[in-house]
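Here is final_28.csv, consisting of CSV, C-alpha atoms:
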chain,number,residue,atom,x,y,z
A,1290,MET,CA,-32.3,56.4,10.2
A,1291,ALA,CA,-32.4,54.7,13.6
A,1292,LYS,CA,-29.3,54.3,15.7
A,1293,VAL,CA,-28.5,50.6,16.4
A,1294,SER,CA,-26.0,50.3,19.3
A,1295,VAL,CA,-25.0,46.7,18.3
A,1296,ASP,CA,-24.3,47.6,14.7
A,1297,ARG,CA,-20.5,47.6,14.6
A,1298,THR,CA,-19.9,47.8,10.8
A,1299,THR,CA,-21.5,51.1,10.0
A,1300,ILE,CA,-20.3,54.6,10.9
A,1301,ASP,CA,-22.0,55.9,14.0
A,1302,LEU,CA,-23.6,59.1,12.7
A,1303,PHE,CA,-24.9,60.2,16.0
A,1304,ALA,CA,-21.6,60.0,18.0
A,1305,THR,CA,-21.0,63.2,20.0
A,1306,ASP,CA,-17.5,62.6,21.2
A,1307,LYS,CA,-14.5,61.9,19.0
A,1308,GLN,CA,-12.6,58.7,19.5
A,1309,ARG,CA,-8.8,59.0,19.7
A,1310,GLY,CA,-6.4,56.9,17.7
A,1311,ARG,CA,-6.7,54.8,14.7
A,1312,PRO,CA,-10.3,53.8,13.7
A,1313,LYS,CA,-11.3,50.2,14.1
A,1314,SER,CA,-10.8,48.3,10.9
A,1315,SER,CA,-12.6,45.1,12.0
A,1316,PRO,CA,-15.8,44.6,13.9
A,1317,TYR,CA,-14.2,41.7,15.8
A,1318,SER,CA,-12.1,41.8,18.9
A,1319,ARG,CA,-8.4,41.0,18.5
A,1320,GLU,CA,-8.8,37.6,20.0
A,1321,GLN,CA,-11.6,36.8,17.6
A,1322,GLN,CA,-9.5,38.0,14.7
A,1323,LEU,CA,-6.6,35.8,15.7
A,1324,ARG,CA,-8.9,32.8,15.9
A,1325,ILE,CA,-10.4,33.5,12.4
A,1326,ASN,CA,-7.0,34.1,10.9
A,1327,LYS,CA,-5.6,30.8,12.4
A,1328,LYS,CA,-8.6,28.9,11.1
A,1329,ASN,CA,-8.2,30.3,7.6
A,1330,GLN,CA,-4.5,29.6,7.6
A,1331,LEU,CA,-5.1,25.9,8.6
A,1332,MET,CA,-7.7,25.7,5.8
A,1333,ARG,CA,-5.2,27.1,3.3
A,1334,ASP,CA,-2.5,24.6,4.4
A,1335,LYS,CA,-5.0,21.7,4.2
A,1336,GLN,CA,-6.0,22.7,0.7
A,1337,ALA,CA,-2.3,22.9,-0.3
A,1338,GLY,CA,-1.8,19.3,1.1
A,1339,LEU,CA,0.3,20.4,4.0
A,1340,LYS,CA,0.4,18.7,7.4
A,1341,ARG,CA,1.7,20.3,10.6
A,1342,VAL,CA,4.6,18.4,12.3
A,1343,GLU,CA,6.3,19.5,15.5
A,1344,ILE,CA,9.9,18.4,16.3
A,1345,LYS,CA,12.4,19.2,19.0
A,1346,LEU,CA,15.9,19.9,17.9
A,1347,HIS,CA,19.1,20.4,19.9
A,1348,ARG,CA,20.1,24.0,20.0
A,1349,ASP,CA,23.2,23.5,17.8
A,1350,SER,CA,21.0,21.9,15.0
A,1351,TYR,CA,18.5,24.6,15.3
A,1352,ASP,CA,21.2,27.3,14.9
A,1353,LYS,CA,22.9,25.6,12.0
A,1354,ALA,CA,19.5,25.1,10.2
A,1355,SER,CA,18.8,28.8,10.7
A,1356,GLU,CA,22.2,29.8,9.3
A,1357,VAL,CA,21.8,27.6,6.2
A,1358,ALA,CA,18.3,28.7,5.6
A,1359,LEU,CA,19.4,32.4,5.8
A,1360,GLU,CA,22.2,31.7,3.3
A,1361,LYS,CA,19.8,30.0,0.9
A,1362,GLY,CA,17.2,32.8,1.3
A,1363,ILE,CA,14.4,30.4,2.5
A,1364,SER,CA,12.6,29.9,5.7
A,1365,ARG,CA,13.9,27.3,8.2
A,1366,SER,CA,10.8,25.2,7.8
A,1367,GLU,CA,11.3,25.1,4.0
A,1368,LEU,CA,14.9,24.0,4.5
A,1369,LEU,CA,13.9,21.3,7.0
A,1370,ALA,CA,11.2,20.1,4.6
A,1371,GLN,CA,13.7,19.9,1.8
A,1372,LEU,CA,16.2,18.0,3.9
A,1373,ILE,CA,13.5,15.5,5.0
A,1374,GLU,CA,12.4,15.0,1.4
A,1375,GLU,CA,15.9,14.4,0.2
A,1376,SER,CA,16.5,11.9,3.1
A,1377,LEU,CA,13.3,10.0,2.2
A,1378,LYS,CA,14.3,9.8,-1.5
A,1379,ASN,CA,17.7,8.3,-0.5
A,1380,LEU,CA,16.1,5.5,1.6
Please re-express this file's structure in structure tokens.
Amino acid sequence: MAKVSVDRTTIDLFATDKQRGRPKSSPYSREQQLRINKKNQLMRDKQAGLKRVEIKLHRDSYDKASEVALEKGISRSELLAQLIEESLKNL
């Protein structure tokens, strides 16, 4: 069996020195992992019919939304989505 220095997925059988710490669980760098995870998340959201919307809220509204979401046991984004849907139904 030949040693291939660029092969990052198989165990290095010919390593002479021990590596300290936790072994690598992914052949990709952390930056690449984050990019891949973000891309996968966007694909899942798209398949679920979700669109990303960014809004700016006054600090008081933000804090109040956080409190209400915590009381209801849901995320703040879920609460805001519910409020927007209810508001659109009432139009």
Inset, instruction - Write out as a list in words the residues lying within 9 Å of stretch 1365-1376 of chain A, counting all atoms listed in the file and excluding same-chain residues fewer than 5 positions away. - result: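 My list of contacting residues is Tyr1351, Ala1354, Ser1355, Glu1356, Val1357, Ala1358 and Leu1359 of chain A.
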Legend entry - Atom-to-atom span, atom CA of A:Gly1338 and atom CA of A:Ile1325, Å: 20.1 Å
Inset, instruction - Can you work out the spacing between atom CA of A:Ser1350 and atom CA of A:Lys1335 in Å, to one decimal? - result: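 Taking atom CA of A:Ser1350 as the start and atom CA of A:Lys1335 as the end point, the length is 28.2 Å.
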Inset, instruction - Enter the distance from atom CA of A:Leu1339 to atom CA of A:Leu1377, in Å, rounded to one decimal. - result: 16.7 Å
Some atoms are absent from stretch 1330-1342 of chain A, so rebuild N, CA and C atoms and return them as a JSON list (two decimals), in the coordinates of the input.
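File produced: result_19.json:
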[["chain", "number", "residue", "atom", "x", "y", "z"],
["A", 1330, "GLN", "N", -5.80, 30.05, 7.96],
["A", 1330, "GLN", "CA", -4.50, 29.60, 7.60],
["A", 1330, "GLN", "C", -4.45, 28.03, 7.59],
["A", 1331, "LEU", "N", -5.07, 27.39, 8.57],
["A", 1331, "LEU", "CA", -5.10, 25.90, 8.60],
["A", 1331, "LEU", "C", -5.89, 25.39, 7.39],
["A", 1332, "MET", "N", -6.96, 26.08, 6.98],
["A", 1332, "MET", "CA", -7.70, 25.70, 5.80],
["A", 1332, "MET", "C", -6.86, 25.77, 4.54],
["A", 1333, "ARG", "N", -6.10, 26.89, 4.42],
["A", 1333, "ARG", "CA", -5.20, 27.10, 3.30],
["A", 1333, "ARG", "C", -4.15, 25.97, 3.21],
["A", 1334, "ASP", "N", -3.57, 25.67, 4.38],
["A", 1334, "ASP", "CA", -2.50, 24.60, 4.40],
["A", 1334, "ASP", "C", -3.13, 23.27, 4.06],
["A", 1335, "LYS", "N", -4.33, 22.98, 4.54],
["A", 1335, "LYS", "CA", -5.00, 21.70, 4.20],
["A", 1335, "LYS", "C", -5.25, 21.59, 2.74],
["A", 1336, "GLN", "N", -5.72, 22.67, 2.13],
["A", 1336, "GLN", "CA", -6.00, 22.70, 0.70],
["A", 1336, "GLN", "C", -4.71, 22.50, -0.11],
["A", 1337, "ALA", "N", -3.60, 22.98, 0.42],
["A", 1337, "ALA", "CA", -2.30, 22.90, -0.30],
["A", 1337, "ALA", "C", -1.67, 21.50, 0.01],
["A", 1338, "GLY", "N", -2.32, 20.66, 0.80],
["A", 1338, "GLY", "CA", -1.80, 19.30, 1.10],
["A", 1338, "GLY", "C", -0.71, 19.32, 2.16],
["A", 1339, "LEU", "N", -0.69, 20.33, 2.98],
["A", 1339, "LEU", "CA", 0.30, 20.40, 4.00],
["A", 1339, "LEU", "C", -0.18, 19.86, 5.34],
["A", 1340, "LYS", "N", 0.71, 19.25, 6.09],
["A", 1340, "LYS", "CA", 0.40, 18.70, 7.40],
["A", 1340, "LYS", "C", 1.37, 19.39, 8.40],
["A", 1341, "ARG", "N", 0.90, 19.67, 9.59],
["A", 1341, "ARG", "CA", 1.70, 20.30, 10.60],
["A", 1341, "ARG", "C", 2.49, 19.19, 11.37],
["A", 1342, "VAL", "N", 3.79, 19.38, 11.52],
["A", 1342, "VAL", "CA", 4.60, 18.40, 12.30],
["A", 1342, "VAL", "C", 5.47, 19.26, 13.24]]
